[in-house]
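Below is one structure; the comments refer to it alone.
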Amino acid sequence: MSETVKTSLLFLFVGVLILLEGSTNFLFFSGSWNSALVILNMGLVSAIMAIGVNLQWGFAGLFNVGIMGFVALGGLAVVLVSTAPTPGAWSQGGVGIIMALAMGAMTLVAAVATMRMVPAGKLRIAVLLAVLILGFVVYRAIFDPAVAGVEAINPALEGNLGGLGLPVLLAWPAGGLLAAGVAWLIGKTALGLRSDYLAIATLGIAEIIISVLKNEDWLSRGVKNVVGLPRPLPYEVDLQNDAAFVAKAADYGLDPVLASTLYVKLGYSLLFTVVLLALLWMAQMALKSPWGRMMRAIRDNEVAAEAMGKDVTRRHLQIFILGSAICGIAGAMMTTLDSQLTPGTYNPLRFTFLIWVMVIVGGSGNNFGAVLGGLLIWFLWIKVEPMGILLIETLTAGMADTNALKVHLLESASHMRLLTMGLILLLVLRFSPRGLIPER
């Protein structure tokens, strides 16, 4: 069987699964188009994340386990770009916050300059300590009262600076730029590390990013969450109050609530598909270009590539930034889909481990494999729990409903997700170690 036919059949299989989820109420399928579109939309977003990771690992062999942090930065970009500015926030402390952050940056620059200009010895240590202590004191003296002023503004609903009030679709590329900027800072310091140390560094930095989002209320409202974010499509309740839409839904025999839900989710599906296809096309063009061949040569043998005059560190930095930017775009899309930023929901299991499973199962180094892995693994991640319940009910059919073992197994069905993902990963690594669609 040719690779093209195999790839087409695999994508057809995933498409059939989603269609069955929407049309068939049998076994573990719900027979709900609403559920099918929810799975499809998050599958498309996950596929975009998988493309970003595939660029880093499949193209260049960079082991980034800080995906969660870049996804969260994309979500933050939606707040900073699309929400309206909080009235009075800038006058109460916004300017002070910017001045304090500038002071912190100047302190770091001064510390670096001290390390370079002052000869090693006690004098350099004394000057460095003086710069850091003075800078920190001044920074806190400006920052703390400014933050208190902003967070005191209607804290139940606002308490943050807000955003620029721009169209939310502009937040998607902005999320990519924000993630790319942070990736540049990380890459300049961490890409010289060995792969295992790079993994530890990126994981730690991702946790730092999440910690900042959870605790800096002036920026993202922290664990209070930012809700009611602007959307590129209308809210369902607005459609339900639109007489023309209700009449149109009635013409198709649909309830206005169901019709509005399907309309919005289908709209997101189209938007996400356009973004996915655009990024997939660019990734394919990059893979086939001389730059892509060079990246794979560096991945396969860094020493030989460096001996041929290639700047390995610079190329690693380039692809680390590109992959992180794609994850940032996906994070902005996901936050837009949810209409809220909830920093407490970002966890490594969902936004790092699961994305890696998608890349490995789909086929590391193959962009189509990353997309397939994103769609297939997300479908299984959602449907494994009802599959587990069905399996346990079948195996314990002869037991009474009050049987302690049966009750325990049914209550533990949600843990089947982790077991199933591990089992799938083991089976793929055993029987198809290069993934379902191997690199060509």
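FYI, nothing fancy with the structure tokens labels: chains A, B, ... in order, residues from 1 per chain, ligands from 1 as they appear.
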Hey, what's within 7 Å of stretch 105-117 of chain A if we count only C-alpha atoms and toss same-chain stuff fewer than 5 positions away? As a ChimeraX atom specification, please?
-> /A:124,128,131-132,135
Counting only C-alpha atoms, which residues of stretch 91-203 of chain A sit at most 12 Å from some atom of stretch 348-353 of chain A, and what is each one's closest atom pair with its distance in Å to one decimal, listed by chain and rising residue number, as JSON lines?
{"residue": "A:Ala199", "atom": "CA", "partner": "A:Thr352", "partner_atom": "CA", "distance": 11.3}
{"residue": "A:Thr202", "atom": "CA", "partner": "A:Thr352", "partner_atom": "CA", "distance": 10.9}
{"residue": "A:Leu203", "atom": "CA", "partner": "A:Pro348", "partner_atom": "CA", "distance": 8.6}
Which parts of stretch 154-351 of chain A does DSSP call alpha helix (DSSP H) when run on the backbone here, written out as a ChimeraX atom specification?
-> /A:171-190,195-215,217-220,236-240,243-251,256-288,290-300,302-307,312-338,348
For A:Gly96, the nearest of the candidates A:Val182, A:Trp218, A:Leu80, A:Trp57, counting only C-alpha atoms = A:Trp218
Leaving out stretch 328-345 of chain A and any residue of its chain fewer than 6 positions from it, which residues lie within 6 Å of it when counting only C-alpha atoms, given as number ranges by chain?
-> A: 45, 49, 70-71, 74-75, 78, 172, 175-176, 179, 214, 225-229
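Using only C-alpha atoms, the smallest distance between any of A:Phe245, A:Phe143, A:Phe379, A:Phe59 and A:Ser35 comes from A:Phe379.
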Would you mind telling me which residue in A:Ile48, A:Lys6, A:Asn54, A:Leu20 lies nearest to A:Val274 when using only C-alpha atoms?
->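 Once distances to A:Val274 are computed over only C-alpha atoms, the minimum belongs to A:Ile48.
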